[in-house]
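Student: My structure is stored as model_15.pdb, with PDB, C-alpha atoms and all ligand atoms.
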```pdb
ATOM      1  CA  MET A   1       0.000   0.000   0.000
ATOM      2  CA  ALA A   2       1.408   3.314  -1.070
ATOM      3  CA  LEU A   3      -0.549   5.276   1.548
ATOM      4  CA  SER A   4      -1.388   4.378   5.133
ATOM      5  CA  SER A   5      -4.845   5.565   6.155
ATOM      6  CA  ILE A   6      -5.845   7.183   9.447
ATOM      7  CA  THR A   7      -9.410   7.923   8.302
ATOM      8  CA  PRO A   8     -10.966   7.494   4.822
ATOM      9  CA  THR A   9      -9.757  11.005   3.844
ATOM     10  CA  THR A  10      -6.634  11.275   6.030
ATOM     11  CA  HIS A  11      -3.519   9.385   5.016
ATOM     12  CA  TYR A  12       0.243   9.489   5.286
ATOM     13  CA  LEU A  13       3.163   8.119   3.353
ATOM     14  CA  ASP A  14       6.708   7.069   4.113
ATOM     15  CA  LEU A  15       9.313   9.037   2.153
ATOM     16  CA  LYS A  16      11.751   6.139   2.682
ATOM     17  CA  TYR A  17      14.377   8.800   3.197
ATOM     18  CA  LEU A  18      17.715   7.663   1.708
ATOM     19  CA  GLY A  19      16.198   4.180   1.498
ATOM     20  CA  ALA A  20      15.276   3.915   5.188
ATOM     21  CA  GLU A  21      11.748   3.339   6.497
ATOM     22  CA  HIS A  22      10.050   5.099   9.445
ATOM     23  CA  LEU A  23      12.099   8.304   9.221
ATOM     24  CA  ILE A  24       9.925  10.928   7.529
ATOM     25  CA  ALA A  25       6.126  10.764   7.265
ATOM     26  CA  VAL A  26       4.121  13.130   5.047
ATOM     27  CA  GLY A  27       0.468  13.810   5.866
ATOM     28  CA  VAL A  28      -1.728  13.387   2.770
ATOM     29  CA  LEU A  29      -5.212  14.828   3.272
ATOM     30  CA  GLU A  30      -8.065  14.872   0.782
ATOM     31  CA  SER A  31     -10.064  18.084   0.378
ATOM     32  CA  ASP A  32     -12.728  19.478  -1.977
ATOM     33  CA  ASP A  33     -10.004  21.150  -4.048
ATOM     34  CA  GLY A  34      -7.383  18.407  -4.101
ATOM     35  CA  LEU A  35      -4.642  17.178  -1.803
ATOM     36  CA  ILE A  36      -3.197  18.915   1.222
ATOM     37  CA  LEU A  37       0.279  17.766   2.266
ATOM     38  CA  VAL A  38       1.547  18.310   5.781
ATOM     39  CA  ASP A  39       5.347  18.754   5.545
ATOM     40  CA  PRO A  40       6.318  17.555   2.032
ATOM     41  CA  GLY A  41       9.854  16.625   3.141
ATOM     42  CA  PRO A  42      13.290  17.282   1.674
ATOM     43  CA  MET A  43      14.220  17.812  -1.945
ATOM     44  CA  SER A  44      16.216  14.576  -1.870
ATOM     45  CA  SER A  45      12.920  12.665  -1.375
ATOM     46  CA  LEU A  46      10.810  14.539  -3.932
ATOM     47  CA  GLU A  47      10.966  11.688  -6.464
ATOM     48  CA  THR A  48       9.740   9.236  -3.822
ATOM     49  CA  LEU A  49       6.944  11.639  -2.909
ATOM     50  CA  ARG A  50       5.942  11.870  -6.576
ATOM     51  CA  GLU A  51       6.112   8.103  -7.143
ATOM     52  CA  THR A  52       4.248   7.230  -3.965
ATOM     53  CA  LEU A  53       1.421   9.642  -4.778
ATOM     54  CA  GLU A  54       1.237   8.137  -8.276
ATOM     55  CA  GLU A  55       1.069   4.603  -6.885
ATOM     56  CA  ALA A  56      -1.894   5.790  -4.840
ATOM     57  CA  GLY A  57      -3.609   7.212  -7.937
ATOM     58  CA  TYR A  58      -2.662  10.845  -7.386
ATOM     59  CA  ALA A  59      -0.101  13.242  -8.836
ATOM     60  CA  LEU A  60       1.842  16.201  -7.499
ATOM     61  CA  ALA A  61      -0.422  18.295  -9.757
ATOM     62  CA  ASP A  62      -3.312  17.323  -7.432
ATOM     63  CA  VAL A  63      -1.652  19.096  -4.507
ATOM     64  CA  ARG A  64      -3.365  22.379  -3.600
ATOM     65  CA  ALA A  65      -1.654  23.277  -0.346
ATOM     66  CA  LEU A  66       1.364  22.556   1.798
ATOM     67  CA  LEU A  67       0.939  22.954   5.545
ATOM     68  CA  LEU A  68       4.425  23.397   6.999
ATOM     69  CA  THR A  69       4.985  22.778  10.706
ATOM     70  CA  HIS A  70       8.420  24.367  10.354
ATOM     71  CA  ILE A  71      11.021  24.982   7.688
ATOM     72  CA  HIS A  72      13.815  22.578   8.619
ATOM     73  CA  LEU A  73      14.999  20.822   5.472
ATOM     74  CA  ASP A  74      13.700  17.380   6.427
ATOM     75  CA  HIS A  75      10.187  18.875   6.654
ATOM     76  CA  ALA A  76      10.073  21.552   4.000
ATOM     77  CA  GLY A  77      13.172  21.453   1.762
ATOM     78  CA  ALA A  78      11.173  20.500  -1.353
ATOM     79  CA  THR A  79       8.688  23.366  -0.992
ATOM     80  CA  GLY A  80      10.343  25.762  -3.464
ATOM     81  CA  THR A  81      10.619  23.144  -6.193
ATOM     82  CA  ILE A  82       7.020  21.976  -5.746
ATOM     83  CA  VAL A  83       5.776  25.566  -6.050
ATOM     84  CA  GLN A  84       8.049  26.228  -9.048
ATOM     85  CA  ASP A  85       6.501  23.241 -10.862
ATOM     86  CA  HIS A  86       2.957  23.916  -9.581
ATOM     87  CA  PRO A  87       2.584  27.682  -9.047
ATOM     88  CA  ASP A  88      -0.976  27.437  -7.695
ATOM     89  CA  VAL A  89       0.098  25.542  -4.578
ATOM     90  CA  ALA A  90      -0.502  27.566  -1.384
ATOM     91  CA  VAL A  91       2.169  27.344   1.320
ATOM     92  CA  TYR A  92       1.151  27.847   4.965
ATOM     93  CA  VAL A  93       3.981  28.727   7.348
ATOM     94  CA  HIS A  94       4.599  30.718  10.529
ATOM     95  CA  ARG A  95       5.593  34.347   9.921
ATOM     96  CA  LEU A  96       9.088  33.751  11.354
ATOM     97  CA  GLY A  97       9.642  30.917   8.861
ATOM     98  CA  ALA A  98       8.150  32.692   5.850
ATOM     99  CA  THR A  99      11.094  35.051   5.348
ATOM    100  CA  HIS A 100      13.504  32.095   5.240
ATOM    101  CA  LEU A 101      11.419  30.311   2.614
ATOM    102  CA  ALA A 102      11.430  33.413   0.429
ATOM    103  CA  ASP A 103      15.186  33.779   0.955
ATOM    104  CA  PRO A 104      16.715  30.504   2.166
ATOM    105  CA  SER A 105      20.309  31.804   2.415
ATOM    106  CA  LYS A 106      20.374  32.016   6.241
ATOM    107  CA  LEU A 107      18.571  28.703   6.612
ATOM    108  CA  LEU A 108      21.130  27.057   4.345
ATOM    109  CA  ALA A 109      24.056  28.668   6.155
ATOM    110  CA  SER A 110      22.715  27.319   9.446
ATOM    111  CA  ALA A 111      22.193  23.845   7.939
ATOM    112  CA  ARG A 112      25.696  24.011   6.447
ATOM    113  CA  ARG A 113      27.142  24.428   9.954
ATOM    114  CA  LEU A 114      25.412  21.192  10.993
ATOM    115  CA  TYR A 115      25.965  19.113   7.846
ATOM    116  CA  GLY A 116      29.009  20.583   6.065
ATOM    117  CA  ASP A 117      29.669  18.973   2.692
ATOM    118  CA  MET A 118      26.910  16.462   3.343
ATOM    119  CA  LEU A 119      24.248  19.179   2.984
ATOM    120  CA  GLU A 120      23.415  18.530  -0.691
ATOM    121  CA  PRO A 121      23.770  14.711  -0.626
ATOM    122  CA  LEU A 122      21.461  14.539   2.397
ATOM    123  CA  TRP A 123      18.882  17.170   1.581
ATOM    124  CA  GLY A 124      19.207  18.199  -2.077
ATOM    125  CA  GLU A 125      18.823  21.641  -3.574
ATOM    126  CA  VAL A 126      16.695  24.275  -1.845
ATOM    127  CA  ILE A 127      15.203  27.047  -3.968
ATOM    128  CA  PRO A 128      13.260  30.134  -2.818
ATOM    129  CA  VAL A 129       9.479  30.064  -2.519
ATOM    130  CA  PRO A 130       7.835  32.981  -4.386
ATOM    131  CA  GLU A 131       6.299  35.352  -1.850
ATOM    132  CA  ASP A 132       2.858  35.296  -3.433
ATOM    133  CA  ALA A 133       2.593  31.565  -2.652
ATOM    134  CA  LEU A 134       3.132  32.186   1.071
ATOM    135  CA  HIS A 135       0.223  32.276   3.515
ATOM    136  CA  VAL A 136       1.656  33.665   6.705
ATOM    137  CA  LEU A 137       0.444  32.221  10.011
ATOM    138  CA  TYR A 138       0.585  33.694  13.509
ATOM    139  CA  GLY A 139      -0.447  30.602  15.394
ATOM    140  CA  ASP A 140      -3.815  31.581  16.808
ATOM    141  CA  GLU A 141      -6.017  31.224  13.764
ATOM    142  CA  THR A 142      -8.287  28.737  12.076
ATOM    143  CA  ILE A 143      -7.671  28.221   8.379
ATOM    144  CA  THR A 144      -9.909  26.436   5.915
ATOM    145  CA  VAL A 145      -8.194  24.720   3.011
ATOM    146  CA  GLY A 146     -10.353  23.087   0.343
ATOM    147  CA  GLY A 147     -13.278  23.126   2.753
ATOM    148  CA  ARG A 148     -11.224  21.423   5.480
ATOM    149  CA  PRO A 149     -10.741  23.414   8.707
ATOM    150  CA  PHE A 150      -7.521  23.417  10.734
ATOM    151  CA  ASP A 151      -6.814  25.138  14.027
ATOM    152  CA  VAL A 152      -3.287  26.516  14.144
ATOM    153  CA  ALA A 153      -1.202  26.826  17.320
ATOM    154  CA  TYR A 154       2.179  28.482  17.709
ATOM    155  CA  THR A 155       4.368  25.762  19.247
ATOM    156  CA  PRO A 156       7.971  26.975  19.692
ATOM    157  CA  GLY A 157      10.533  24.863  21.533
ATOM    158  CA  HIS A 158      12.140  22.762  18.782
ATOM    159  CA  ALA A 159      12.162  25.757  16.437
ATOM    160  CA  VAL A 160      11.179  29.374  16.984
ATOM    161  CA  HIS A 161       8.930  29.305  13.913
ATOM    162  CA  HIS A 162       7.141  26.019  14.680
ATOM    163  CA  VAL A 163       3.354  25.687  14.380
ATOM    164  CA  SER A 164       1.036  22.709  14.814
ATOM    165  CA  TYR A 165      -2.228  22.004  13.035
ATOM    166  CA  LEU A 166      -5.363  20.393  14.425
ATOM    167  CA  ASP A 167      -7.177  18.796  11.503
ATOM    168  CA  ARG A 168     -10.760  19.015  12.750
ATOM    169  CA  GLU A 169     -12.048  16.491  10.227
ATOM    170  CA  SER A 170      -9.912  13.641  11.578
ATOM    171  CA  ASP A 171      -9.278  15.136  15.049
ATOM    172  CA  THR A 172      -5.571  14.618  14.404
ATOM    173  CA  ALA A 173      -2.949  17.088  15.624
ATOM    174  CA  PHE A 174      -0.052  17.355  13.173
ATOM    175  CA  ILE A 175       2.707  18.453  15.518
ATOM    176  CA  GLY A 176       5.926  18.172  13.495
ATOM    177  CA  ASP A 177       8.772  17.959  16.019
ATOM    178  CA  THR A 178       7.003  19.644  18.964
ATOM    179  CA  ALA A 179       6.847  16.425  20.973
ATOM    180  CA  GLY A 180       9.834  14.486  19.752
ATOM    181  CA  MET A 181      10.386  11.476  17.573
ATOM    182  CA  ARG A 182       8.366   8.300  18.108
ATOM    183  CA  ILE A 183       7.888   5.567  15.551
ATOM    184  CA  ALA A 184       4.198   4.556  15.452
ATOM    185  CA  GLY A 185       3.537   1.375  17.378
ATOM    186  CA  THR A 186       6.406   1.915  19.838
ATOM    187  CA  ASP A 187       6.417   3.703  23.190
ATOM    188  CA  VAL A 188       9.879   5.212  22.718
ATOM    189  CA  ILE A 189       9.949   9.005  22.464
ATOM    190  CA  LEU A 190      13.180  10.913  21.846
ATOM    191  CA  PRO A 191      13.289  14.683  22.240
ATOM    192  CA  VAL A 192      14.758  16.329  19.142
ATOM    193  CA  THR A 193      16.571  19.468  20.277
ATOM    194  CA  PRO A 194      19.281  20.401  17.759
ATOM    195  CA  PRO A 195      20.843  23.884  17.656
ATOM    196  CA  PRO A 196      20.110  26.726  17.272
ATOM    197  CA  ASP A 197      16.539  27.510  18.422
ATOM    198  CA  VAL A 198      15.854  25.247  21.423
ATOM    199  CA  ASP A 199      13.627  27.161  23.839
ATOM    200  CA  LEU A 200      12.894  25.350  27.092
ATOM    201  CA  ASP A 201      11.069  28.385  28.521
ATOM    202  CA  ARG A 202       8.331  28.367  25.920
ATOM    203  CA  TRP A 203       8.206  24.622  25.248
ATOM    204  CA  PRO A 204       5.791  23.775  28.131
ATOM    205  CA  ASP A 205       3.217  26.248  26.776
ATOM    206  CA  SER A 206       3.491  24.610  23.365
ATOM    207  CA  LEU A 207       2.711  21.226  24.923
ATOM    208  CA  ASP A 208      -0.222  22.761  26.810
ATOM    209  CA  ALA A 209      -1.566  24.164  23.558
ATOM    210  CA  LEU A 210      -1.597  20.611  22.173
ATOM    211  CA  ARG A 211      -3.199  19.264  25.372
ATOM    212  CA  ASN A 212      -5.915  21.920  25.151
ATOM    213  CA  TRP A 213      -6.943  20.574  21.776
ATOM    214  CA  SER A 214      -7.412  17.122  23.358
ATOM    215  CA  PRO A 215      -7.121  15.528  19.936
ATOM    216  CA  GLU A 216      -7.906  11.909  19.237
ATOM    217  CA  ARG A 217      -4.360  11.385  18.013
ATOM    218  CA  LEU A 218      -1.009  13.066  17.502
ATOM    219  CA  PHE A 219       0.949  12.798  14.289
ATOM    220  CA  THR A 220       4.715  13.223  14.549
ATOM    221  CA  THR A 221       6.711  13.694  11.329
ATOM    222  CA  HIS A 222       9.205  11.160  12.697
ATOM    223  CA  PHE A 223       7.103   8.961  12.515
ATOM    224  CA  GLY A 224       3.373   8.550  12.194
ATOM    225  CA  PRO A 225       0.141   8.571  14.229
ATOM    226  CA  HIS A 226      -0.163   7.932  17.983
ATOM    227  CA  ASP A 227      -3.515   7.266  19.655
ATOM    228  CA  ASP A 228      -2.490   8.195  23.217
ATOM    229  CA  PRO A 229      -1.877  11.972  23.106
ATOM    230  CA  ALA A 230      -2.080  12.579  26.867
ATOM    231  CA  TRP A 231       0.432   9.833  27.643
ATOM    232  CA  HIS A 232       2.706  10.888  24.792
ATOM    233  CA  LEU A 233       2.828  14.556  25.794
ATOM    234  CA  ASP A 234       3.484  13.750  29.473
ATOM    235  CA  ALA A 235       6.161  11.180  28.640
ATOM    236  CA  PHE A 236       7.807  13.584  26.212
ATOM    237  CA  GLU A 237       7.860  16.380  28.775
ATOM    238  CA  ARG A 238       9.404  14.131  31.429
ATOM    239  CA  THR A 239      12.108  12.963  29.034
ATOM    240  CA  LEU A 240      12.852  16.493  27.849
ATOM    241  CA  ASP A 241      13.219  17.604  31.484
ATOM    242  CA  ALA A 242      15.547  14.700  32.251
ATOM    243  CA  TRP A 243      17.712  15.409  29.214
ATOM    244  CA  SER A 244      17.908  19.094  29.902
ATOM    245  CA  ASP A 245      18.923  18.403  33.537
ATOM    246  CA  ALA A 246      21.561  15.937  32.377
ATOM    247  CA  VAL A 247      23.088  18.469  29.989
ATOM    248  CA  ARG A 248      22.997  21.267  32.553
ATOM    249  CA  ASN A 249      24.715  19.043  35.101
ATOM    250  CA  ALA A 250      27.384  18.135  32.574
ATOM    251  CA  LEU A 251      27.995  21.813  31.886
ATOM    252  CA  GLU A 252      28.222  22.648  35.590
ATOM    253  CA  GLN A 253      31.063  20.172  35.837
ATOM    254  CA  GLU A 254      32.998  22.022  33.148
ATOM    255  CA  ASP A 255      36.560  20.859  33.145
ATOM    256  CA  ASP A 256      39.338  20.667  30.619
ATOM    257  CA  GLU A 257      39.143  16.894  30.481
ATOM    258  CA  ALA A 258      36.055  16.560  28.340
ATOM    259  CA  ASP A 259      35.114  18.837  25.459
ATOM    260  CA  ASP A 260      31.639  19.200  23.985
ATOM    261  CA  ALA A 261      32.246  16.641  21.259
ATOM    262  CA  GLU A 262      33.196  13.984  23.793
ATOM    263  CA  ARG A 263      30.300  14.761  26.102
ATOM    264  CA  ALA A 264      27.816  14.812  23.229
ATOM    265  CA  GLU A 265      29.167  11.495  21.996
ATOM    266  CA  ALA A 266      29.006   9.914  25.429
ATOM    267  CA  PHE A 267      25.410  11.112  25.838
ATOM    268  CA  HIS A 268      24.541   9.741  22.399
ATOM    269  CA  ALA A 269      26.097   6.367  23.129
ATOM    270  CA  ALA A 270      24.240   6.100  26.440
ATOM    271  CA  LYS A 271      20.902   6.910  24.817
ATOM    272  CA  ILE A 272      21.411   4.431  21.979
ATOM    273  CA  GLN A 273      22.301   1.785  24.549
ATOM    274  CA  GLU A 274      18.997   2.488  26.352
ATOM    275  CA  LEU A 275      17.119   2.246  23.061
ATOM    276  CA  LYS A 276      18.621  -1.146  22.362
ATOM    277  CA  GLN A 277      16.962  -2.427  25.541
ATOM    278  CA  ARG A 278      13.583  -1.029  24.571
ATOM    279  CA  LEU A 279      13.279  -1.429  20.790
ATOM    280  CA  SER A 280      13.436  -4.224  18.268
ATOM    281  CA  PRO A 281      16.851  -4.041  16.582
ATOM    282  CA  GLU A 282      15.616  -2.921  13.150
ATOM    283  CA  LEU A 283      14.179   0.302  14.627
ATOM    284  CA  VAL A 284      17.301   1.431  16.483
ATOM    285  CA  PRO A 285      19.099   2.901  13.425
ATOM    286  CA  ALA A 286      16.136   5.190  12.658
ATOM    287  CA  TYR A 287      16.253   6.703  16.148
ATOM    288  CA  ASP A 288      20.019   6.902  15.930
ATOM    289  CA  GLN A 289      19.950   8.701  12.585
ATOM    290  CA  PHE A 290      16.953  10.977  13.113
ATOM    291  CA  GLY A 291      16.688  11.245  16.865
ATOM    292  CA  GLN A 292      20.367  12.229  16.908
ATOM    293  CA  PRO A 293      20.862  12.516  20.690
ATOM    294  CA  GLN A 294      24.279  13.969  19.916
ATOM    295  CA  ALA A 295      22.819  16.980  18.113
ATOM    296  CA  SER A 296      20.197  17.280  20.852
ATOM    297  CA  TRP A 297      22.962  17.466  23.464
ATOM    298  CA  ARG A 298      24.499  20.377  21.568
ATOM    299  CA  GLY A 299      21.167  22.163  21.218
ATOM    300  CA  LEU A 300      20.488  21.883  24.951
ATOM    301  CA  ALA A 301      24.040  22.951  25.811
ATOM    302  CA  ARG A 302      23.614  26.025  23.634
ATOM    303  CA  TYR A 303      20.355  26.832  25.427
ATOM    304  CA  TRP A 304      21.915  26.554  28.918
ATOM    305  CA  ARG A 305      24.976  28.601  27.969
ATOM    306  CA  LYS A 306      22.745  31.376  26.641
ATOM    307  CA  GLN A 307      20.849  31.295  29.949
ATOM    308  CA  SER A 308      24.014  31.645  32.029
ATOM    309  CA  ASP A 309      25.308  34.421  29.744
ATOM    310  CA  ARG A 310      22.073  36.261  30.467
ATOM    311  CA  ALA A 311      22.352  35.662  34.225
ATOM    312  CA  SER A 312      25.931  36.994  34.467
ATOM    313  CA  PRO A 313      26.316  39.958  32.116
TER     314      PRO A 313
HETATM  315 ZN    ZN B 401      12.999  20.248  12.848
END
```
Written as structure tokens, that's how I'd like the structure from this file.
Tutor:
Amino acid sequence: MALSSITPTTHYLDLKYLGAEHLIAVGVLESDDGLILVDPGPMSSLETLRETLEEAGYALADVRALLLTHIHLDHAGATGTIVQDHPDVAVYVHRLGATHLADPSKLLASARRLYGDMLEPLWGEVIPVPEDALHVLYGDETITVGGRPFDVAYTPGHAVHHVSYLDRESDTAFIGDTAGMRIAGTDVILPVTPPPDVDLDRWPDSLDALRNWSPERLFTTHFGPHDDPAWHLDAFERTLDAWSDAVRNALEQEDDEADDAERAEAFHAAKIQELKQRLSPELVPAYDQFGQPQASWRGLARYWRKQSDRASP
């Protein structure tokens, strides 16, 4: 089956990113006007997106709107190319992300710091999105796309420009990376907190915004639907707190012995070891590759250092 179905009009597909399953899920929603995609994914997976839609009897030309949770390349890198090929596609994005879609130079510079020469092989080319395709969101509105209503919430924490969408028709909250990575069918949630935007002050409010929706299910981009939103959000918050404490403690014991790279690697190794106890072996690499505890360590360290810079001017 090309598409997995949540309801008769609410589906998702696996981009099989770089040949691996369970890494990036794209929401595929039917509307009166055509398809709505939630987070179309990176440019390097655009061919898979095209082929998978075709296997399901659709085409990219059927897409009317892209709902972006945030603009990181694994969620939204293909947006510019899709709009170039299909200029009528409407792109919904938070106002703080919109400028970087119109001019991706800063976004790419930031990604280049993380990925170096691997940027293009991993994510492909990123081209600007024409401004007249952009529908700017503030995070407190309801939008109706092809007759299908969505409540929008501003959900910073993972990224400063992150929004989540409650699809009222299926009562599914599409939450991007607001509450971590969890492969559907497992109970393993990894916070995803890479540099540079991690915001632990505002993250709890983002989780409360999702709780207030009390949706029937959550949908995480990495990966898929989860039918226990209350449990998921509480478990995520506990894990995020534990990780952030662990990183802060490590920083308080600053010494010359261990540099950031070593501490991040040690943290990563410990987390992967824990996962091996809790997951079937074929799922561990996905969490390793996309959960990236190492990058999360760095994102949390950056957050805590900014806090202490603020405290001691
Ligand atoms: Zn992200």
Student: Identify all residues satisfying the PyMOL selection byres (((chain A and resi 85) around 12) and not hetatm) in the given file; provide them as a list of chain:residue names.
Tutor: A:Leu46, A:Leu60, A:Ala61, A:Asp62, A:Val63, A:Ala78, A:Thr79, A:Gly80, A:Thr81, A:Ile82, A:Val83, A:Gln84, A:His86, A:Pro87, A:Asp88, A:Val89, A:Ile127, A:Val129, A:Pro130
Student: Using all atoms listed in the file, tabulate the residues of chain A lying at most 7 Å from any atom of ligand ZN 401 (chain B), each with its closest atom pair and that distance in Å to one decimal, by chain and increasing residue number, as a tab-separated table.
Tutor:
```
residue	atom	partner	partner_atom	distance
A:His70	CA	B:ZN401	ZN	6.6
A:His72	CA	B:ZN401	ZN	4.9
A:His75	CA	B:ZN401	ZN	6.9
A:His158	CA	B:ZN401	ZN	6.5
A:Ala159	CA	B:ZN401	ZN	6.6
A:Asp177	CA	B:ZN401	ZN	5.8
```
Student: Return as JSON lines the residues of region 36-129 of chain A lying at most 10 Å from region 15-23 of chain A, together with the closest atom-to-atom pair for each and the distance in Å to one decimal, counting all atoms listed in the file, with rows in chain order and ascending residue number.
Tutor:
```
{"residue": "A:Pro40", "atom": "CA", "partner": "A:Leu15", "partner_atom": "CA", "distance": 9.0}
{"residue": "A:Gly41", "atom": "CA", "partner": "A:Leu15", "partner_atom": "CA", "distance": 7.7}
{"residue": "A:Pro42", "atom": "CA", "partner": "A:Tyr17", "partner_atom": "CA", "distance": 8.7}
{"residue": "A:Ser44", "atom": "CA", "partner": "A:Tyr17", "partner_atom": "CA", "distance": 7.9}
{"residue": "A:Ser45", "atom": "CA", "partner": "A:Tyr17", "partner_atom": "CA", "distance": 6.2}
{"residue": "A:Leu46", "atom": "CA", "partner": "A:Leu15", "partner_atom": "CA", "distance": 8.3}
{"residue": "A:Glu47", "atom": "CA", "partner": "A:Leu15", "partner_atom": "CA", "distance": 9.2}
{"residue": "A:Thr48", "atom": "CA", "partner": "A:Leu15", "partner_atom": "CA", "distance": 6.0}
{"residue": "A:Leu49", "atom": "CA", "partner": "A:Leu15", "partner_atom": "CA", "distance": 6.2}
{"residue": "A:Arg50", "atom": "CA", "partner": "A:Leu15", "partner_atom": "CA", "distance": 9.8}
{"residue": "A:Glu51", "atom": "CA", "partner": "A:Leu15", "partner_atom": "CA", "distance": 9.9}
{"residue": "A:Thr52", "atom": "CA", "partner": "A:Leu15", "partner_atom": "CA", "distance": 8.1}
{"residue": "A:Asp74", "atom": "CA", "partner": "A:Tyr17", "partner_atom": "CA", "distance": 9.2}
{"residue": "A:Pro121", "atom": "CA", "partner": "A:Leu18", "partner_atom": "CA", "distance": 9.6}
{"residue": "A:Leu122", "atom": "CA", "partner": "A:Leu18", "partner_atom": "CA", "distance": 7.9}
{"residue": "A:Trp123", "atom": "CA", "partner": "A:Leu18", "partner_atom": "CA", "distance": 9.6}
```
Student: Which is closer to Pro196 (chain A) than all the others in A:Ala25, A:Leu283, A:Ala250, A:Leu300, using all atoms listed in the file?
Tutor: A:Leu300
Student: Let me know the residues the PyMOL selection byres (((chain A and resi 263) around 12) and not hetatm) catches in the file above, as an MDAnalysis selection string.
Tutor: chainID A and resid 246:251 253:262 264:270 293:298 301
Student: Taking all atoms listed in the file into account, name the residue in A:Ser280, A:Ser308, A:Thr69, A:Thr144 that is nearest to Gly185 (chain A).
Tutor: A:Ser280
Student: Starting from the shown file, work through the PyMOL selection byres (((chain A and resi 161) around 10) and not hetatm) and note down what comes out as a ChimeraX atom specification.
Tutor: /A:69-72,93-98,137-139,154-160,162-163,197
Student: Report as JSON the centre and the edge lengths, in Å to one decimal, of the axis-aligned box holding every listed atom of region 171-188 of chain A, padded by 8 Å on each side.
Tutor:
```
{"center_x": 0.6, "center_y": 10.5, "center_z": 18.2, "size_x": 35.7, "size_y": 34.3, "size_z": 26.0}
```
Student: What are the nearest atom pairs, with distances in Å to one decimal, for all residues of region 22-71 of chain A that come at most 10 Å from region 133-136 of chain A, using only C-alpha atoms, set out by chain and rising residue number as a tab-separated table?
Tutor:
```
residue	atom	partner	partner_atom	distance
A:Ala65	CA	A:Ala133	CA	9.6
A:Leu66	CA	A:Leu134	CA	9.8
A:Leu67	CA	A:His135	CA	9.6
```
Student: State, in Å with one decimal place, the distance from CA of Pro204 (chain A) to CA of Thr99 (chain A).
Tutor: 26.0 Å
Student: Counting only C-alpha atoms, which residues of region 199-244 of chain A sit at most 9 Å from some atom of region 169-174 of chain A, and what is each one's closest atom pair with its distance in Å to one decimal, listed by chain and rising residue number, as JSON lines?
Tutor:
```
{"residue": "A:Leu210", "atom": "CA", "partner": "A:Ala173", "partner_atom": "CA", "distance": 7.6}
{"residue": "A:Trp213", "atom": "CA", "partner": "A:Ala173", "partner_atom": "CA", "distance": 8.1}
{"residue": "A:Ser214", "atom": "CA", "partner": "A:Asp171", "partner_atom": "CA", "distance": 8.7}
{"residue": "A:Pro215", "atom": "CA", "partner": "A:Asp171", "partner_atom": "CA", "distance": 5.4}
{"residue": "A:Glu216", "atom": "CA", "partner": "A:Asp171", "partner_atom": "CA", "distance": 5.5}
{"residue": "A:Arg217", "atom": "CA", "partner": "A:Thr172", "partner_atom": "CA", "distance": 5.0}
{"residue": "A:Leu218", "atom": "CA", "partner": "A:Ala173", "partner_atom": "CA", "distance": 4.8}
{"residue": "A:Phe219", "atom": "CA", "partner": "A:Phe174", "partner_atom": "CA", "distance": 4.8}
{"residue": "A:Thr220", "atom": "CA", "partner": "A:Phe174", "partner_atom": "CA", "distance": 6.5}
{"residue": "A:Thr221", "atom": "CA", "partner": "A:Phe174", "partner_atom": "CA", "distance": 7.9}
{"residue": "A:Pro225", "atom": "CA", "partner": "A:Thr172", "partner_atom": "CA", "distance": 8.3}
```
Student: Can you measure CA of Ala102 (chain A) to CA of Pro128 (chain A) for me? One decimal in Å is fine.
Tutor: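 CA of Pro128 (chain A) lies 5.0 Å from CA of Ala102 (chain A).
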Student: Between A:Asp140, A:Asp241, A:Glu131, A:Asp14, which has the minimum distance to Pro191 (chain A) (counting only C-alpha atoms)?
Tutor: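 That would be A:Asp241, the residue with the smallest distance to Pro191 (chain A).
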Student: List the spatial neighbours of Leu108 (chain A) as a list in words - criterion: any atom at most 10 Å away, all atoms listed in the file, same-chain residues fewer than 4 positions off excluded.
Tutor: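 Here the answer would be His72, Leu73, His100, Asp103, Pro104, Arg112, Arg113, Leu114, Tyr115, Leu119, Glu125 and Val126 of chain A.
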Student: Tell me which of A:Thr178, A:Ile183, A:Ala76, A:Val91 sits closest to Val198 (chain A), counting only C-alpha atoms.
Tutor: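 Of the candidates, the smallest distance to Val198 (chain A) is held by A:Thr178.
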Student: CA of Thr186 (chain A) and CA of Leu29 (chain A), how far apart in Å?
Tutor: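 Separating CA of Leu29 (chain A) from CA of Thr186 (chain A) is a distance of 24.0 Å.
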Student: Between A:Tyr165, A:Tyr12, A:Phe236, A:Trp304, which one has atoms that come closest to Pro195 (chain A), using all atoms listed in the file?
Tutor: A:Trp304
